[in-house]
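As provided, structure33.cif (mmCIF, N, CA and C atoms) reads as follows.
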data_run
#
loop_
_atom_site.label_atom_id
_atom_site.label_comp_id
_atom_site.auth_asym_id
_atom_site.auth_seq_id
_atom_site.Cartn_x
_atom_site.Cartn_y
_atom_site.Cartn_z
N MET A 933 84.01 82.32 80.44
CA MET A 933 84.32 82.69 79.07
C MET A 933 85.79 83.11 78.98
N LYS A 934 86.49 82.54 78.05
CA LYS A 934 87.91 82.83 77.88
C LYS A 934 88.09 84.08 77.02
N LEU A 935 89.01 84.92 77.44
CA LEU A 935 89.29 86.15 76.74
C LEU A 935 90.30 85.87 75.64
N GLY A 936 89.98 86.22 74.40
CA GLY A 936 90.88 86.01 73.26
C GLY A 936 91.90 87.13 73.16
N ARG A 937 92.99 86.86 72.47
CA ARG A 937 94.06 87.85 72.33
C ARG A 937 93.57 89.15 71.69
N ASN A 938 92.67 89.06 70.72
CA ASN A 938 92.22 90.24 69.99
C ASN A 938 90.94 90.85 70.56
N ASP A 939 90.42 90.29 71.64
CA ASP A 939 89.24 90.85 72.29
C ASP A 939 89.63 92.12 73.03
N PRO A 940 88.66 93.04 73.24
CA PRO A 940 88.96 94.22 74.06
C PRO A 940 89.35 93.78 75.47
N CYS A 941 90.32 94.47 76.03
CA CYS A 941 90.82 94.11 77.37
C CYS A 941 89.73 94.33 78.40
N HIS A 942 89.68 93.44 79.38
CA HIS A 942 88.66 93.50 80.43
C HIS A 942 88.89 94.67 81.39
N CYS A 943 90.04 95.32 81.35
CA CYS A 943 90.32 96.43 82.27
C CYS A 943 89.63 97.72 81.85
N GLY A 944 89.11 97.73 80.62
CA GLY A 944 88.38 98.92 80.15
C GLY A 944 89.25 99.95 79.46
N SER A 945 90.48 99.61 79.15
CA SER A 945 91.39 100.58 78.52
C SER A 945 91.02 100.87 77.07
N GLY A 946 90.25 99.97 76.45
CA GLY A 946 89.93 100.12 75.04
C GLY A 946 90.95 99.45 74.13
N LYS A 947 92.06 98.99 74.69
CA LYS A 947 93.08 98.30 73.91
C LYS A 947 92.72 96.83 73.76
N LYS A 948 93.38 96.19 72.80
CA LYS A 948 93.23 94.74 72.68
C LYS A 948 93.92 94.09 73.87
N PHE A 949 93.39 92.95 74.30
CA PHE A 949 93.93 92.22 75.43
C PHE A 949 95.42 91.95 75.26
N LYS A 950 95.85 91.56 74.03
CA LYS A 950 97.25 91.22 73.80
C LYS A 950 98.18 92.43 73.96
N ARG A 951 97.67 93.64 73.80
CA ARG A 951 98.47 94.85 73.92
C ARG A 951 98.35 95.50 75.30
N CYS A 952 97.54 94.89 76.17
CA CYS A 952 97.27 95.53 77.46
C CYS A 952 97.67 94.62 78.62
N CYS A 953 96.77 93.77 79.07
CA CYS A 953 96.97 92.99 80.30
C CYS A 953 97.40 91.54 80.08
N MET A 954 97.56 91.12 78.84
CA MET A 954 97.87 89.71 78.58
C MET A 954 99.18 89.27 79.22
N SER A 955 100.21 90.11 79.16
CA SER A 955 101.49 89.71 79.74
C SER A 955 101.39 89.60 81.26
N SER A 956 100.59 90.45 81.87
CA SER A 956 100.38 90.40 83.32
C SER A 956 99.71 89.09 83.71
N VAL A 957 98.67 88.70 82.96
CA VAL A 957 97.97 87.45 83.24
C VAL A 957 98.90 86.27 83.02
N SER A 958 99.69 86.31 81.96
CA SER A 958 100.65 85.22 81.69
C SER A 958 101.66 85.10 82.82
N ASN A 959 102.12 86.23 83.33
CA ASN A 959 103.07 86.21 84.45
C ASN A 959 102.44 85.59 85.69
N GLN A 960 101.18 85.93 85.96
CA GLN A 960 100.49 85.37 87.11
C GLN A 960 100.34 83.85 86.96
N HIS A 961 99.99 83.39 85.77
CA HIS A 961 99.86 81.95 85.52
C HIS A 961 101.20 81.25 85.71
N ALA A 962 102.27 81.87 85.23
CA ALA A 962 103.60 81.28 85.40
C ALA A 962 103.98 81.19 86.87
N GLN A 963 103.64 82.22 87.66
CA GLN A 963 103.95 82.19 89.09
C GLN A 963 103.19 81.07 89.79
N VAL A 964 101.93 80.88 89.43
CA VAL A 964 101.14 79.80 90.05
C VAL A 964 101.73 78.45 89.66
N SER A 965 102.12 78.32 88.41
CA SER A 965 102.74 77.07 87.96
C SER A 965 104.03 76.81 88.72
N ASP A 966 104.84 77.83 88.92
CA ASP A 966 106.07 77.69 89.69
C ASP A 966 105.77 77.30 91.14
N ASP A 967 104.70 77.87 91.71
CA ASP A 967 104.29 77.53 93.08
C ASP A 967 103.91 76.06 93.18
N VAL A 968 103.19 75.57 92.18
CA VAL A 968 102.79 74.15 92.17
C VAL A 968 104.02 73.26 92.12
N GLU A 969 104.94 73.59 91.23
CA GLU A 969 106.16 72.79 91.11
C GLU A 969 106.95 72.78 92.42
N ALA A 970 107.06 73.94 93.07
CA ALA A 970 107.81 74.03 94.32
C ALA A 970 107.13 73.22 95.43
N MET A 971 105.80 73.31 95.50
CA MET A 971 105.08 72.55 96.53
C MET A 971 105.24 71.05 96.32
N LEU A 972 105.14 70.62 95.07
CA LEU A 972 105.28 69.19 94.78
C LEU A 972 106.71 68.70 95.00
N ALA A 973 107.70 69.57 94.74
CA ALA A 973 109.09 69.19 94.97
C ALA A 973 109.36 69.01 96.47
N MET A 974 108.75 69.89 97.30
CA MET A 974 108.97 69.80 98.74
C MET A 974 108.09 68.73 99.39
N ASN A 975 106.95 68.44 98.80
CA ASN A 975 106.00 67.46 99.37
C ASN A 975 105.48 66.56 98.26
N PRO A 976 106.27 65.60 97.80
CA PRO A 976 105.88 64.78 96.65
C PRO A 976 104.66 63.89 96.91
N ASN A 977 104.28 63.69 98.15
CA ASN A 977 103.15 62.80 98.47
C ASN A 977 101.85 63.56 98.71
N LEU A 978 101.79 64.83 98.33
CA LEU A 978 100.55 65.60 98.50
C LEU A 978 99.44 65.01 97.64
N SER A 979 98.26 64.91 98.24
CA SER A 979 97.10 64.49 97.45
C SER A 979 96.63 65.69 96.62
N LEU A 980 95.79 65.43 95.66
CA LEU A 980 95.25 66.50 94.83
C LEU A 980 94.45 67.49 95.68
N ASP A 981 93.68 67.00 96.66
CA ASP A 981 92.91 67.87 97.55
C ASP A 981 93.82 68.75 98.40
N GLU A 982 94.92 68.16 98.91
CA GLU A 982 95.86 68.94 99.72
C GLU A 982 96.55 70.02 98.88
N LEU A 983 96.93 69.65 97.66
CA LEU A 983 97.56 70.61 96.75
C LEU A 983 96.59 71.74 96.41
N ASN A 984 95.34 71.38 96.14
CA ASN A 984 94.32 72.38 95.82
C ASN A 984 94.11 73.34 96.99
N ALA A 985 94.04 72.82 98.22
CA ALA A 985 93.85 73.66 99.40
C ALA A 985 95.04 74.60 99.59
N ALA A 986 96.26 74.09 99.39
CA ALA A 986 97.45 74.92 99.54
C ALA A 986 97.48 76.02 98.47
N LEU A 987 97.08 75.68 97.25
CA LEU A 987 97.06 76.68 96.18
C LEU A 987 96.00 77.74 96.43
N GLN A 988 94.84 77.33 96.92
CA GLN A 988 93.80 78.32 97.23
C GLN A 988 94.30 79.31 98.28
N HIS A 989 95.02 78.80 99.27
CA HIS A 989 95.57 79.67 100.31
C HIS A 989 96.58 80.65 99.71
N LYS A 990 97.46 80.16 98.83
CA LYS A 990 98.45 81.02 98.19
C LYS A 990 97.78 82.10 97.33
N VAL A 991 96.75 81.71 96.58
CA VAL A 991 96.05 82.67 95.72
C VAL A 991 95.35 83.73 96.57
N GLN A 992 94.73 83.33 97.67
CA GLN A 992 94.10 84.31 98.56
C GLN A 992 95.13 85.29 99.12
N ASP A 993 96.29 84.77 99.51
CA ASP A 993 97.35 85.65 100.01
C ASP A 993 97.81 86.63 98.92
N ARG A 994 97.99 86.12 97.72
CA ARG A 994 98.44 86.96 96.60
C ARG A 994 97.39 88.02 96.26
N ASN A 995 96.11 87.63 96.27
CA ASN A 995 95.04 88.56 95.93
C ASN A 995 94.81 89.61 97.02
N ASN A 996 95.33 89.38 98.21
CA ASN A 996 95.12 90.32 99.30
C ASN A 996 96.39 91.11 99.63
N GLN A 997 97.28 91.24 98.67
CA GLN A 997 98.48 92.05 98.86
C GLN A 997 98.11 93.53 98.70
N PRO A 998 98.81 94.43 99.39
CA PRO A 998 98.55 95.86 99.19
C PRO A 998 98.65 96.22 97.71
N HIS A 999 97.73 97.05 97.27
CA HIS A 999 97.64 97.38 95.85
C HIS A 999 97.95 98.85 95.62
N PRO A 1000 98.81 99.17 94.64
CA PRO A 1000 99.17 100.57 94.41
C PRO A 1000 97.98 101.45 94.01
N ASP A 1001 96.98 100.88 93.34
CA ASP A 1001 95.80 101.66 92.98
C ASP A 1001 94.99 102.06 94.21
N PHE A 1002 95.18 101.36 95.33
CA PHE A 1002 94.48 101.67 96.57
C PHE A 1002 95.42 102.33 97.58
N SER A 1003 96.49 102.98 97.10
CA SER A 1003 97.48 103.65 97.96
C SER A 1003 98.07 102.71 99.00
N GLY A 1004 98.32 101.47 98.61
CA GLY A 1004 98.96 100.51 99.51
C GLY A 1004 98.01 99.80 100.45
N VAL A 1005 96.71 99.99 100.27
CA VAL A 1005 95.71 99.31 101.08
C VAL A 1005 95.38 97.98 100.40
N THR A 1006 95.10 96.96 101.19
CA THR A 1006 94.76 95.67 100.60
C THR A 1006 93.33 95.72 100.05
N PRO A 1007 93.02 94.88 99.07
CA PRO A 1007 91.64 94.83 98.57
C PRO A 1007 90.61 94.54 99.66
N THR A 1008 90.97 93.71 100.64
CA THR A 1008 90.04 93.42 101.73
C THR A 1008 89.79 94.66 102.57
N GLN A 1009 90.84 95.40 102.88
CA GLN A 1009 90.66 96.64 103.64
C GLN A 1009 89.80 97.64 102.87
N MET A 1010 90.05 97.76 101.56
CA MET A 1010 89.27 98.69 100.75
C MET A 1010 87.80 98.28 100.73
N ALA A 1011 87.52 96.99 100.58
CA ALA A 1011 86.13 96.52 100.58
C ALA A 1011 85.48 96.78 101.94
N ASN A 1012 86.22 96.58 103.02
CA ASN A 1012 85.67 96.86 104.35
C ASN A 1012 85.31 98.33 104.50
N TRP A 1013 86.14 99.22 103.99
CA TRP A 1013 85.85 100.65 104.08
C TRP A 1013 84.68 101.05 103.20
N LEU A 1014 84.60 100.45 102.02
CA LEU A 1014 83.52 100.82 101.10
C LEU A 1014 82.15 100.40 101.61
N TYR A 1015 82.08 99.27 102.28
CA TYR A 1015 80.79 98.71 102.68
C TYR A 1015 80.49 98.82 104.17
N ALA A 1016 81.37 99.47 104.92
CA ALA A 1016 81.15 99.62 106.36
C ALA A 1016 80.13 100.72 106.61
N PRO A 1017 79.30 100.56 107.63
CA PRO A 1017 78.41 101.66 108.02
C PRO A 1017 79.23 102.89 108.44
N PHE A 1018 78.72 104.07 108.18
CA PHE A 1018 79.47 105.30 108.46
C PHE A 1018 79.90 105.42 109.92
N GLU A 1019 79.08 104.98 110.85
CA GLU A 1019 79.45 105.13 112.27
C GLU A 1019 80.68 104.29 112.63
N GLN A 1020 80.99 103.27 111.83
CA GLN A 1020 82.18 102.46 112.10
C GLN A 1020 83.44 103.07 111.50
N LEU A 1021 83.30 104.12 110.71
CA LEU A 1021 84.45 104.72 110.03
C LEU A 1021 84.92 106.02 110.68
N GLN A 1022 84.48 106.29 111.89
CA GLN A 1022 84.86 107.54 112.55
C GLN A 1022 86.36 107.63 112.79
N TRP A 1023 87.04 106.51 112.92
CA TRP A 1023 88.48 106.51 113.19
C TRP A 1023 89.30 106.64 111.91
N VAL A 1024 88.68 106.57 110.75
CA VAL A 1024 89.41 106.63 109.48
C VAL A 1024 89.74 108.08 109.14
N THR A 1025 91.00 108.32 108.81
CA THR A 1025 91.45 109.64 108.38
C THR A 1025 91.96 109.51 106.95
N ILE A 1026 91.49 110.36 106.09
CA ILE A 1026 91.93 110.34 104.69
C ILE A 1026 92.75 111.59 104.45
N SER A 1027 93.98 111.39 104.00
CA SER A 1027 94.87 112.51 103.70
C SER A 1027 94.80 112.81 102.21
N THR A 1028 94.61 114.06 101.90
CA THR A 1028 94.54 114.48 100.50
C THR A 1028 95.82 115.22 100.16
N PRO A 1029 96.49 114.83 99.08
CA PRO A 1029 97.72 115.53 98.69
C PRO A 1029 97.43 117.02 98.44
N ASP A 1030 98.39 117.88 98.74
CA ASP A 1030 98.23 119.32 98.55
C ASP A 1030 97.87 119.67 97.11
N SER A 1031 98.38 118.89 96.17
CA SER A 1031 98.11 119.19 94.76
C SER A 1031 96.63 119.06 94.43
N LEU A 1032 95.88 118.29 95.20
CA LEU A 1032 94.44 118.16 94.97
C LEU A 1032 93.65 119.19 95.77
N CYS A 1033 94.25 119.76 96.81
CA CYS A 1033 93.54 120.70 97.68
C CYS A 1033 93.53 122.11 97.12
N GLN A 1034 94.51 122.46 96.33
CA GLN A 1034 94.61 123.82 95.82
C GLN A 1034 94.00 123.88 94.43
N PRO A 1035 92.90 124.62 94.27
CA PRO A 1035 92.26 124.69 92.96
C PRO A 1035 93.14 125.40 91.95
N SER A 1036 93.07 124.94 90.73
CA SER A 1036 93.81 125.56 89.64
C SER A 1036 93.12 126.86 89.24
N ASP A 1037 93.89 127.90 88.97
CA ASP A 1037 93.29 129.18 88.56
C ASP A 1037 92.51 129.05 87.27
N ALA A 1038 92.97 128.19 86.38
CA ALA A 1038 92.30 128.04 85.09
C ALA A 1038 90.95 127.34 85.24
N LEU A 1039 90.85 126.43 86.19
CA LEU A 1039 89.62 125.68 86.34
C LEU A 1039 88.61 126.36 87.25
N PHE A 1040 89.08 127.11 88.23
CA PHE A 1040 88.18 127.66 89.23
C PHE A 1040 88.29 129.18 89.35
N SER A 1041 88.46 129.87 88.26
CA SER A 1041 88.57 131.32 88.37
C SER A 1041 87.18 131.91 88.61
N PRO A 1042 87.10 132.88 89.50
CA PRO A 1042 85.80 133.46 89.79
C PRO A 1042 85.28 134.28 88.62
N HIS A 1043 83.99 134.23 88.40
CA HIS A 1043 83.35 134.99 87.32
C HIS A 1043 82.58 136.14 87.95
N TYR A 1044 82.90 137.36 87.56
CA TYR A 1044 82.24 138.52 88.12
C TYR A 1044 81.29 139.12 87.14
#
For the file at hand, write its structure as structure tokens.
Amino acid sequence: MKLGRNDPCHCGSGKKFKRCCMSSVSNQHAQVSDDVEAMLAMNPNLSLDELNAALQHKVQDRNNQPHPDFSGVTPTQMANWLYAPFEQLQWVTISTPDSLCQPSDALFSPHY
């Protein structure tokens, strides 16, 4: 199903797609188009199957880049951590910023 410009954005922000993620998607499409042009310029005799395989590889690489929402962890690493059995995660250390460790007086004041 194609997302229309005036449809709610799929990211859940509540904004219209055109005011939220549309430019990001357009940029990604432009990058893929540029990749296709560059591949064809360097290898003009590529078959459609070869071009498709090369593009799939590029898209997988792009989709597995470290993501700022995951603190620089790749989506594959995050999925591995989320679905790994607990005994396999004994070596994982999670650092919590000091700002999250110290409770706010307004939120956690003791009631006597």
Original post:
What residues in chain A get the DSSP label helix (DSSP H, G or I)? Please answer as JSON, numbers by chain.
Top reply: {"A": [949, 950, 951, 954, 955, 956, 957, 958, 959, 960, 961, 962, 963, 964, 965, 966, 967, 968, 969, 970, 971, 972, 973, 974, 980, 981, 982, 983, 984, 985, 986, 987, 988, 989, 990, 991, 992, 993, 994, 995, 1000, 1001, 1002, 1007, 1008, 1009, 1010, 1011, 1012, 1013, 1014, 1015, 1018, 1019, 1020, 1021, 1030, 1031, 1032, 1033]}
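Residues matched by the PyMOL selection byres ((chain A and resi 1007) around 7) in this file are Asn995, Asn996, Gln997, Pro998, His999, Val1005, Thr1006, Thr1008, Gln1009, Met1010, Ala1011 and Asn1012 of chain A.
In this model, the gap between atom CA of A:Pro976 and atom C of A:Gln992 comes to 23.3 Å.
When the PyMOL selection byres ((chain A and resi 950) around 8) is evaluated on the file shown here, the picked residues come out as Gly936, Arg937, Asn938, Asp939, Pro940, Cys941, Lys947, Lys948, Phe949, Arg951, Cys952, Cys953, Met954 and Ser955 of chain A.
Atom C of A:Gln963 is found 13.8 Å from atom CA of A:Asn984.
Atom C of A:Glu982 is found 10.9 Å from atom N of A:Val968.
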Original post:
Which residues come within 8 Å of A:Leu972, counting all atoms listed in the file, excluding same-chain residues fewer than 6 positions away, as an MDAnalysis selection string?
Top reply: chainID A and resid 966 978 983
Box for stretch 1015-1032 of chain A: with edges along x, y and z, all listed atoms inside and 6 Å added on each side, what are the centre and edge lengths in Å to one decimal, as JSON?
{"center_x": 88.4, "center_y": 109.2, "center_z": 103.8, "size_x": 32.0, "size_y": 33.0, "size_z": 30.8}
